[in-house]
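These notes are about the structure you will find just below.
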Amino acid sequence: MGEYAAFEGELDAKGMRVAIAVARFNLDITAQLLDGALRALKSAGASDDDVSVWWVPGAFELPVVA
């Protein structure tokens with residue numbers, strides 16, 4: 001194995017505004033990914049009011065929303 005850089009720090013999402021774009025295609029998978037992202041943001045201190053979720057039909061629409 002080669003050498004690599006390791007970065008350490010604390011995750012702090014307090015006061016951050018976050019938008020998440022989620023595709024409805026493969027909803028069984030994308031819904032779980034959204035749930036994990038929301039849980040991670042909440043554990044890092046993000047407020048529910050500072051997180052917006054945008055649903056799109058599929059992968060082609062994700063860049064348009066982003």
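Chain labels follow the order of the structure tokens: the first chain is A, the next B, and so on; residue numbering restarts at 1 in every chain, and ligands are counted from 1 in their shown order.
Listed by chain and then by rising number, the residues of chain A that DSSP assigns to strand (DSSP E) from the backbone are Val18, Ala19, Ile20, Ala21, Val22, Ala23, Val51, Ser52, Val53, Trp54, Trp55 and Val56 of chain A.
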Item to complete: Can you pull out every residue within 12 Å of Asp50 (chain A), counting only C-alpha atoms, but drop anything in the same chain fewer than 3 positions away, and send it as a PyMOL selection string?
Response: chain A and resi 13-20+38+41-42+45-47+53
Worksheet, complete the sentence: Between CA of Asn26 (chain A) and CA of Leu62 (chain A) lies a distance of 13.7 Å
Worksheet item: From the list A:Asp28, A:Ala21, A:Ala40, A:Leu34, which residue is nearest Val64 (chain A) when using only C-alpha atoms?
Response: A:Ala21
Worksheet item: Taking the backbone alone, and naming residues the way the document does, which bits of chain A are helix (DSSP H, G or I) by DSSP, as a ChimeraX atom specification?
Response: /A:27-43,48-50,59-65
List the neighbours of Thr30 (chain A) out to 12 Å using only C-alpha atoms; skip same-chain residues closer than 3 positions along the sequence, and give me the result as a PDB file with all heavy atoms, in the first residue's frame.
```pdb
ATOM      1  N   ILE A  20     -30.261  18.915  -0.897  1.00  0.00           N
ATOM      2  CA  ILE A  20     -30.016  17.547  -1.334  1.00  0.00           C
ATOM      3  C   ILE A  20     -30.954  17.257  -2.495  1.00  0.00           C
ATOM      4  O   ILE A  20     -32.171  17.422  -2.370  1.00  0.00           O
ATOM      5  CB  ILE A  20     -30.273  16.535  -0.193  1.00  0.00           C
ATOM      6  CG1 ILE A  20     -29.391  16.845   1.013  1.00  0.00           C
ATOM      7  CG2 ILE A  20     -30.056  15.112  -0.686  1.00  0.00           C
ATOM      8  CD1 ILE A  20     -29.707  15.991   2.232  1.00  0.00           C
ATOM      9  N   ALA A  21     -30.398  16.838  -3.619  1.00  0.00           N
ATOM     10  CA  ALA A  21     -31.198  16.438  -4.777  1.00  0.00           C
ATOM     11  C   ALA A  21     -31.256  14.919  -4.806  1.00  0.00           C
ATOM     12  O   ALA A  21     -30.231  14.249  -4.708  1.00  0.00           O
ATOM     13  CB  ALA A  21     -30.579  16.976  -6.062  1.00  0.00           C
ATOM     14  N   VAL A  22     -32.472  14.381  -4.927  1.00  0.00           N
ATOM     15  CA  VAL A  22     -32.674  12.938  -4.871  1.00  0.00           C
ATOM     16  C   VAL A  22     -33.484  12.490  -6.083  1.00  0.00           C
ATOM     17  O   VAL A  22     -34.515  13.079  -6.392  1.00  0.00           O
ATOM     18  CB  VAL A  22     -33.440  12.530  -3.591  1.00  0.00           C
ATOM     19  CG1 VAL A  22     -33.500  11.019  -3.455  1.00  0.00           C
ATOM     20  CG2 VAL A  22     -32.845  13.156  -2.365  1.00  0.00           C
ATOM     21  N   ALA A  23     -33.024  11.453  -6.758  1.00  0.00           N
ATOM     22  CA  ALA A  23     -33.745  10.896  -7.897  1.00  0.00           C
ATOM     23  C   ALA A  23     -34.819   9.926  -7.415  1.00  0.00           C
ATOM     24  O   ALA A  23     -34.590   9.137  -6.505  1.00  0.00           O
ATOM     25  CB  ALA A  23     -32.785  10.190  -8.842  1.00  0.00           C
ATOM     26  N   ARG A  24     -35.991  10.003  -8.047  1.00  0.00           N
ATOM     27  CA  ARG A  24     -37.065   9.055  -7.719  1.00  0.00           C
ATOM     28  C   ARG A  24     -36.803   7.678  -8.338  1.00  0.00           C
ATOM     29  O   ARG A  24     -37.346   6.682  -7.873  1.00  0.00           O
ATOM     30  CB  ARG A  24     -38.401   9.599  -8.224  1.00  0.00           C
ATOM     31  CG  ARG A  24     -38.932  10.719  -7.382  1.00  0.00           C
ATOM     32  CD  ARG A  24     -40.369  11.072  -7.787  1.00  0.00           C
ATOM     33  NE  ARG A  24     -40.861  12.142  -6.947  1.00  0.00           N
ATOM     34  CZ  ARG A  24     -40.831  13.421  -7.293  1.00  0.00           C
ATOM     35  NH1 ARG A  24     -40.348  13.774  -8.467  1.00  0.00           N
ATOM     36  NH2 ARG A  24     -41.287  14.343  -6.475  1.00  0.00           N
ATOM     37  N   PHE A  25     -35.994   7.649  -9.396  1.00  0.00           N
ATOM     38  CA  PHE A  25     -35.637   6.376 -10.020  1.00  0.00           C
ATOM     39  C   PHE A  25     -34.842   5.559  -9.004  1.00  0.00           C
ATOM     40  O   PHE A  25     -33.970   6.082  -8.332  1.00  0.00           O
ATOM     41  CB  PHE A  25     -34.807   6.632 -11.285  1.00  0.00           C
ATOM     42  CG  PHE A  25     -34.581   5.411 -12.110  1.00  0.00           C
ATOM     43  CD1 PHE A  25     -35.586   4.917 -12.912  1.00  0.00           C
ATOM     44  CD2 PHE A  25     -33.375   4.747 -12.068  1.00  0.00           C
ATOM     45  CE1 PHE A  25     -35.388   3.785 -13.683  1.00  0.00           C
ATOM     46  CE2 PHE A  25     -33.158   3.615 -12.821  1.00  0.00           C
ATOM     47  CZ  PHE A  25     -34.177   3.129 -13.638  1.00  0.00           C
ATOM     48  N   ASN A  26     -35.139   4.290  -8.887  1.00  0.00           N
ATOM     49  CA  ASN A  26     -34.527   3.411  -7.875  1.00  0.00           C
ATOM     50  C   ASN A  26     -34.807   3.931  -6.468  1.00  0.00           C
ATOM     51  O   ASN A  26     -33.914   3.999  -5.616  1.00  0.00           O
ATOM     52  CB  ASN A  26     -33.016   3.272  -8.086  1.00  0.00           C
ATOM     53  CG  ASN A  26     -32.677   2.391  -9.256  1.00  0.00           C
ATOM     54  OD1 ASN A  26     -33.406   1.455  -9.565  1.00  0.00           O
ATOM     55  ND2 ASN A  26     -31.577   2.693  -9.919  1.00  0.00           N
ATOM     56  N   LEU A  27     -36.048   4.282  -6.222  1.00  0.00           N
ATOM     57  CA  LEU A  27     -36.454   4.885  -4.956  1.00  0.00           C
ATOM     58  C   LEU A  27     -36.063   4.056  -3.734  1.00  0.00           C
ATOM     59  O   LEU A  27     -35.740   4.614  -2.691  1.00  0.00           O
ATOM     60  CB  LEU A  27     -37.960   5.148  -4.958  1.00  0.00           C
ATOM     61  CG  LEU A  27     -38.525   5.923  -3.790  1.00  0.00           C
ATOM     62  CD1 LEU A  27     -37.895   7.310  -3.710  1.00  0.00           C
ATOM     63  CD2 LEU A  27     -40.029   6.035  -3.896  1.00  0.00           C
ATOM     64  N   LEU A  33     -30.416   6.350   0.878  1.00  0.00           N
ATOM     65  CA  LEU A  33     -29.295   7.288   0.822  1.00  0.00           C
ATOM     66  C   LEU A  33     -29.698   8.635   1.410  1.00  0.00           C
ATOM     67  O   LEU A  33     -28.931   9.252   2.157  1.00  0.00           O
ATOM     68  CB  LEU A  33     -28.818   7.463  -0.619  1.00  0.00           C
ATOM     69  CG  LEU A  33     -28.127   6.252  -1.240  1.00  0.00           C
ATOM     70  CD1 LEU A  33     -27.943   6.456  -2.737  1.00  0.00           C
ATOM     71  CD2 LEU A  33     -26.794   6.014  -0.567  1.00  0.00           C
ATOM     72  N   LEU A  34     -30.916   9.098   1.090  1.00  0.00           N
ATOM     73  CA  LEU A  34     -31.414  10.349   1.656  1.00  0.00           C
ATOM     74  C   LEU A  34     -31.522  10.249   3.169  1.00  0.00           C
ATOM     75  O   LEU A  34     -31.093  11.150   3.893  1.00  0.00           O
ATOM     76  CB  LEU A  34     -32.773  10.711   1.056  1.00  0.00           C
ATOM     77  CG  LEU A  34     -33.485  11.896   1.691  1.00  0.00           C
ATOM     78  CD1 LEU A  34     -32.659  13.179   1.541  1.00  0.00           C
ATOM     79  CD2 LEU A  34     -34.870  12.066   1.106  1.00  0.00           C
ATOM     80  N   ASP A  35     -32.059   9.149   3.657  1.00  0.00           N
ATOM     81  CA  ASP A  35     -32.194   8.961   5.100  1.00  0.00           C
ATOM     82  C   ASP A  35     -30.833   9.015   5.788  1.00  0.00           C
ATOM     83  O   ASP A  35     -30.671   9.666   6.823  1.00  0.00           O
ATOM     84  CB  ASP A  35     -32.883   7.625   5.388  1.00  0.00           C
ATOM     85  CG  ASP A  35     -33.132   7.408   6.861  1.00  0.00           C
ATOM     86  OD1 ASP A  35     -33.746   8.285   7.505  1.00  0.00           O
ATOM     87  OD2 ASP A  35     -32.694   6.356   7.382  1.00  0.00           O
ATOM     88  N   GLY A  36     -29.845   8.366   5.206  1.00  0.00           N
ATOM     89  CA  GLY A  36     -28.503   8.392   5.778  1.00  0.00           C
ATOM     90  C   GLY A  36     -27.901   9.788   5.768  1.00  0.00           C
ATOM     91  O   GLY A  36     -27.254  10.204   6.735  1.00  0.00           O
ATOM     92  N   ALA A  37     -28.109  10.523   4.678  1.00  0.00           N
ATOM     93  CA  ALA A  37     -27.587  11.890   4.597  1.00  0.00           C
ATOM     94  C   ALA A  37     -28.247  12.787   5.636  1.00  0.00           C
ATOM     95  O   ALA A  37     -27.578  13.581   6.300  1.00  0.00           O
ATOM     96  CB  ALA A  37     -27.810  12.453   3.196  1.00  0.00           C
ATOM     97  N   TRP A  55     -36.658  16.627  -5.075  1.00  0.00           N
ATOM     98  CA  TRP A  55     -36.879  15.357  -5.754  1.00  0.00           C
ATOM     99  C   TRP A  55     -36.922  15.583  -7.260  1.00  0.00           C
ATOM    100  O   TRP A  55     -37.532  16.540  -7.738  1.00  0.00           O
ATOM    101  CB  TRP A  55     -38.193  14.736  -5.302  1.00  0.00           C
ATOM    102  CG  TRP A  55     -38.140  14.235  -3.905  1.00  0.00           C
ATOM    103  CD1 TRP A  55     -38.483  14.919  -2.772  1.00  0.00           C
ATOM    104  CD2 TRP A  55     -37.691  12.967  -3.468  1.00  0.00           C
ATOM    105  NE1 TRP A  55     -38.279  14.139  -1.664  1.00  0.00           N
ATOM    106  CE2 TRP A  55     -37.797  12.926  -2.071  1.00  0.00           C
ATOM    107  CE3 TRP A  55     -37.221  11.841  -4.137  1.00  0.00           C
ATOM    108  CZ2 TRP A  55     -37.445  11.815  -1.327  1.00  0.00           C
ATOM    109  CZ3 TRP A  55     -36.872  10.728  -3.392  1.00  0.00           C
ATOM    110  CH2 TRP A  55     -36.979  10.723  -2.000  1.00  0.00           C
ATOM    111  N   VAL A  56     -36.265  14.708  -8.002  1.00  0.00           N
ATOM    112  CA  VAL A  56     -36.275  14.756  -9.465  1.00  0.00           C
ATOM    113  C   VAL A  56     -36.607  13.363  -9.998  1.00  0.00           C
ATOM    114  O   VAL A  56     -36.448  12.372  -9.287  1.00  0.00           O
ATOM    115  CB  VAL A  56     -34.918  15.239 -10.027  1.00  0.00           C
ATOM    116  CG1 VAL A  56     -34.610  16.655  -9.573  1.00  0.00           C
ATOM    117  CG2 VAL A  56     -33.796  14.312  -9.635  1.00  0.00           C
ATOM    118  N   PRO A  57     -37.075  13.294 -11.254  1.00  0.00           N
ATOM    119  CA  PRO A  57     -37.456  11.975 -11.794  1.00  0.00           C
ATOM    120  C   PRO A  57     -36.301  10.979 -11.915  1.00  0.00           C
ATOM    121  O   PRO A  57     -36.461   9.806 -11.605  1.00  0.00           O
ATOM    122  CB  PRO A  57     -38.006  12.299 -13.186  1.00  0.00           C
ATOM    123  CG  PRO A  57     -38.382  13.732 -13.138  1.00  0.00           C
ATOM    124  CD  PRO A  57     -37.444  14.382 -12.150  1.00  0.00           C
ATOM    125  N   GLY A  58     -35.143  11.433 -12.373  1.00  0.00           N
ATOM    126  CA  GLY A  58     -34.034  10.494 -12.586  1.00  0.00           C
ATOM    127  C   GLY A  58     -32.699  11.192 -12.558  1.00  0.00           C
ATOM    128  O   GLY A  58     -32.581  12.377 -12.214  1.00  0.00           O
ATOM    129  N   ALA A  59     -31.662  10.462 -12.944  1.00  0.00           N
ATOM    130  CA  ALA A  59     -30.289  10.958 -12.862  1.00  0.00           C
ATOM    131  C   ALA A  59     -30.013  12.121 -13.811  1.00  0.00           C
ATOM    132  O   ALA A  59     -29.199  12.984 -13.504  1.00  0.00           O
ATOM    133  CB  ALA A  59     -29.314   9.820 -13.146  1.00  0.00           C
TER     134      ALA A  59
END
```
